[in-house]
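Here the structure is laid out as structure tokens; the discussion comes afterwards.
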Amino acid sequence: MKNDNTEHYIQMPDAVLNALAGVLPAIFESTSLEQVIGAFTRALDARLGWVALIEQPQTLSVRVSGYCPCREQDVYQMLADRRLQAYKWNTVVWEHGVGKHFFSQSEGNLCALESAVLGKLRYQQGDVAGYFFLAFSHRFYSQKLLRNISAIISSAIKEYLIKHSVNSFFSNDKQEIVAQYTTLFFNAPILINSFSAENRCILWNGECQRLFGWSKDELNHFPDPLALFYPDLAVRERVRASVTTVPGEKMQEWYPIDKNGRVLTTLWSNILLPDHSILNIGVDITARKREEQRLARKAITDDLTQCLNRAGILAQLNEILLRNRHHAIQNGMSVVMFDLDYFKSINDRWGHSVGDIALSCFGRELQAHPLPGMVAGRLGGEEFLAILPAADSQLAWRFIEQFRQRLTNSQVMPGYYDLRISFSAGIISLRSGEVMPVSEVLKQVDEALYGAKRNGRGMSVIAGDTPAMGS
């Protein structure tokens, strides 16, 4: 049995897609239905898999694969369970306890099975043609992931049956079989498409149409459908290669635009089929990425002031210093350190809650009229840092004094008319290409700030200048 880390990895959506992408090409070379279900069992680390085809009323032909012993009697017993008979279903998933639910009286280790998916195979007209089942010894990640797996397995089984013509219960009419196959792909709850070398869309399932807003016919009215999704020519050519001639070896993130101009985040696997065409299977991870970005932003944001926190602003300082070192910032840069004057007296006189409001007001005003590219953060307590790319010392100076004036004129709290915020500031400026480590920048700008505080507060000092010149 694999360790817990491996089981967790295989449950991630991108890991599952990778595993399925690796096994789908082998389905075309399978010589038996046992090999088909066995390939999925091994790829997904399942403990049991079976396919049951209805050969005639009340008679099933069962193929089993996996590590848990399973008899036809167990399959019949499961499908006859009154809890399954009580309602209509196409796919049923269990996140845990499936073994105890169905196999408590069976032999072997079936009782220990945890999560599973059970799906129906259907004719074009809707009649049930068979069933498939896949079960795991661990709790699976989510019901949505299990349902996506179900759709892919169902498609693969139908593909095998179509290719090898062993399913007498399907229509003998080849065109009807192809129609069934196409319908199945069109309704799969994952993105499936294919493009020809001549830039025509030859497969575009319902999930693609739902997500992107374009139908297959609409796409093919354009000379280059991919241009609708990837306006940037360089990006489009990389996408074109992956979907027509050079499939990617690994899962790839792409950022297409939908019909309404919304930028999406999608994850794709490109599968080379035996006829040398390429099948593209993907999932929409836009919502997940936005949540990850929100959480990442929250992790480096100071909740009180909505500026970056200490870790966030220092990381930005390091990044911008590197850009300046490589002359990426043509006019150099400035760094400003602020300290609120007599902040302790605000807390002592009005309380810490009012002190928090003062800090919040300072952070809000600091970011209200930023210079281009500016980032601001709270180092801790009442100390703040602002990074001003492309600003020399004089531009930084003017920015600070305009900020000081706004802060002087702002009312921190209604009714607290004598509550005003004053600050001292230290400035350091670097020429384009100048090299200085973060620690030295902080040291020098802190010394400049200390000079402002030592000489009466409420002033700004440029590193290297005397207080008289900087005030």
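Just so we're on the same page: first chain in the structure tokens is A, next is B, and so on; residues restart at 1 for each chain, and ligands are numbered from 1 in the order they show up.
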Going by DSSP on the backbone, which residues of stretch 298-372 of chain A come out as alpha helix (DSSP H)? List them as a ChimeraX atom specification. /A:298-299,310-325,343-350,352-366
Would you give me, as a VMD selection string, the residues in stretch 281-371 of chain A that DSSP reads as strand (DSSP E or B)? chain A and resid 281 to 284 301 308 333 to 340
Can I get the selected residues back with C-alpha atoms, as a PDB file, in the first residue's frame?
```pdb
ATOM      1  CA  ILE A 281      -8.512  17.158 -21.972  1.00  0.00           C
ATOM      2  CA  GLY A 282      -8.719  19.976 -19.453  1.00  0.00           C
ATOM      3  CA  VAL A 283     -10.343  21.440 -16.363  1.00  0.00           C
ATOM      4  CA  ASP A 284     -11.300  24.993 -15.476  1.00  0.00           C
ATOM      5  CA  THR A 301      -1.304  41.876   3.864  1.00  0.00           C
ATOM      6  CA  LEU A 308       1.640  44.830   2.820  1.00  0.00           C
ATOM      7  CA  MET A 333      14.401  54.311  -7.239  1.00  0.00           C
ATOM      8  CA  SER A 334      13.722  55.670  -3.781  1.00  0.00           C
ATOM      9  CA  VAL A 335      12.784  54.015  -0.498  1.00  0.00           C
ATOM     10  CA  VAL A 336      11.009  55.904   2.291  1.00  0.00           C
ATOM     11  CA  MET A 337      10.660  54.850   5.923  1.00  0.00           C
ATOM     12  CA  PHE A 338       7.909  56.521   7.979  1.00  0.00           C
ATOM     13  CA  ASP A 339       7.392  56.661  11.732  1.00  0.00           C
ATOM     14  CA  LEU A 340       4.277  58.169  13.341  1.00  0.00           C
TER      15      LEU A 340
END
```
Quick one: residues within 9 Å of A:Phe102, only C-alpha atoms, excluding same-chain residues fewer than 5 positions away - as an mmCIF file with N, CA and C atoms, in the first residue's frame?
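The resulting file, around.cif, is reproduced below:
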```
data_model
loop_
_atom_site.group_PDB
_atom_site.id
_atom_site.type_symbol
_atom_site.label_atom_id
_atom_site.label_comp_id
_atom_site.auth_asym_id
_atom_site.auth_seq_id
_atom_site.Cartn_x
_atom_site.Cartn_y
_atom_site.Cartn_z
ATOM 1 N N ASP A 74 -21.091 -10.786 -5.539
ATOM 2 C CA ASP A 74 -20.962 -9.499 -4.863
ATOM 3 C C ASP A 74 -21.487 -8.364 -5.744
ATOM 4 N N GLN A 77 -25.259 -8.571 -5.820
ATOM 5 C CA GLN A 77 -25.784 -8.158 -4.517
ATOM 6 C C GLN A 77 -25.763 -6.633 -4.380
ATOM 7 N N MET A 78 -24.685 -6.005 -4.865
ATOM 8 C CA MET A 78 -24.583 -4.548 -4.772
ATOM 9 C C MET A 78 -25.637 -3.867 -5.630
ATOM 10 N N ASP A 81 -29.139 -3.847 -4.291
ATOM 11 C CA ASP A 81 -29.373 -3.202 -2.999
ATOM 12 C C ASP A 81 -30.541 -2.233 -3.095
ATOM 13 N N GLY A 97 -16.783 4.798 3.453
ATOM 14 C CA GLY A 97 -17.685 3.783 3.989
ATOM 15 C C GLY A 97 -18.404 2.921 2.986
ATOM 16 N N LEU A 110 -13.273 -6.587 1.044
ATOM 17 C CA LEU A 110 -14.219 -5.651 0.449
ATOM 18 C C LEU A 110 -14.815 -4.705 1.484
ATOM 19 N N CYS A 111 -14.971 -5.180 2.691
ATOM 20 C CA CYS A 111 -15.589 -4.365 3.739
ATOM 21 C C CYS A 111 -14.734 -3.149 4.084
#
```
Near-A:Asn347 list (12 Å; only C-alpha atoms; drop same-chain fewer than 4 positions) as an NGL selection string: :A and (342-343 or 351-359 or 381-382 or 419)
Output C-alpha atoms of each residue in that selection to a file, as a CSV table (one decimal), in the first residue's frame.
```
chain,number,residue,atom,x,y,z
A,342,TYR,CA,4.3,60.5,19.4
A,343,PHE,CA,2.1,57.5,18.6
A,351,GLY,CA,-6.9,54.1,23.9
A,352,HIS,CA,-5.5,51.4,21.6
A,353,SER,CA,-8.7,51.2,19.5
A,354,VAL,CA,-8.3,54.8,18.5
A,355,GLY,CA,-4.6,54.1,17.9
A,356,ASP,CA,-5.6,51.4,15.5
A,357,ILE,CA,-7.9,53.8,13.7
A,358,ALA,CA,-5.0,56.2,13.4
A,359,LEU,CA,-2.8,53.5,11.9
A,381,GLY,CA,4.1,49.0,15.2
A,382,GLU,CA,3.9,52.5,13.8
A,419,LEU,CA,-6.5,64.2,17.0
```
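Rounded to one decimal, atom CA of A:Ser150 and atom CA of A:Asn193 lie 18.3 Å from each other.
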Å distance separating atom CA of A:Thr305 from atom CA of A:Arg364, one decimal place: 6.7 Å
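A straight line drawn from atom CA of A:Gly377 to atom CA of A:Lys453 is 20.2 Å long.
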Write out as number ranges by chain each polymer residue whose atoms come within 10 Å of A:Gly261, counting only C-alpha atoms; drop sequence neighbours fewer than 4 positions from it. A: 212, 228-229, 256-257
Those same residues, written as a short mmCIF file (atom, residue, chain, number, x, y, z; two decimals), in the first residue's frame with C-alpha atoms?
```cif
data_model
loop_
_atom_site.label_atom_id
_atom_site.label_comp_id
_atom_site.auth_asym_id
_atom_site.auth_seq_id
_atom_site.Cartn_x
_atom_site.Cartn_y
_atom_site.Cartn_z
CA PHE A 212 -15.98 29.56 -23.33
CA LEU A 228 -10.41 34.11 -30.14
CA PHE A 229 -8.89 32.61 -27.01
CA PRO A 256 -7.64 31.66 -22.58
CA ILE A 257 -10.24 34.41 -22.94
#
```
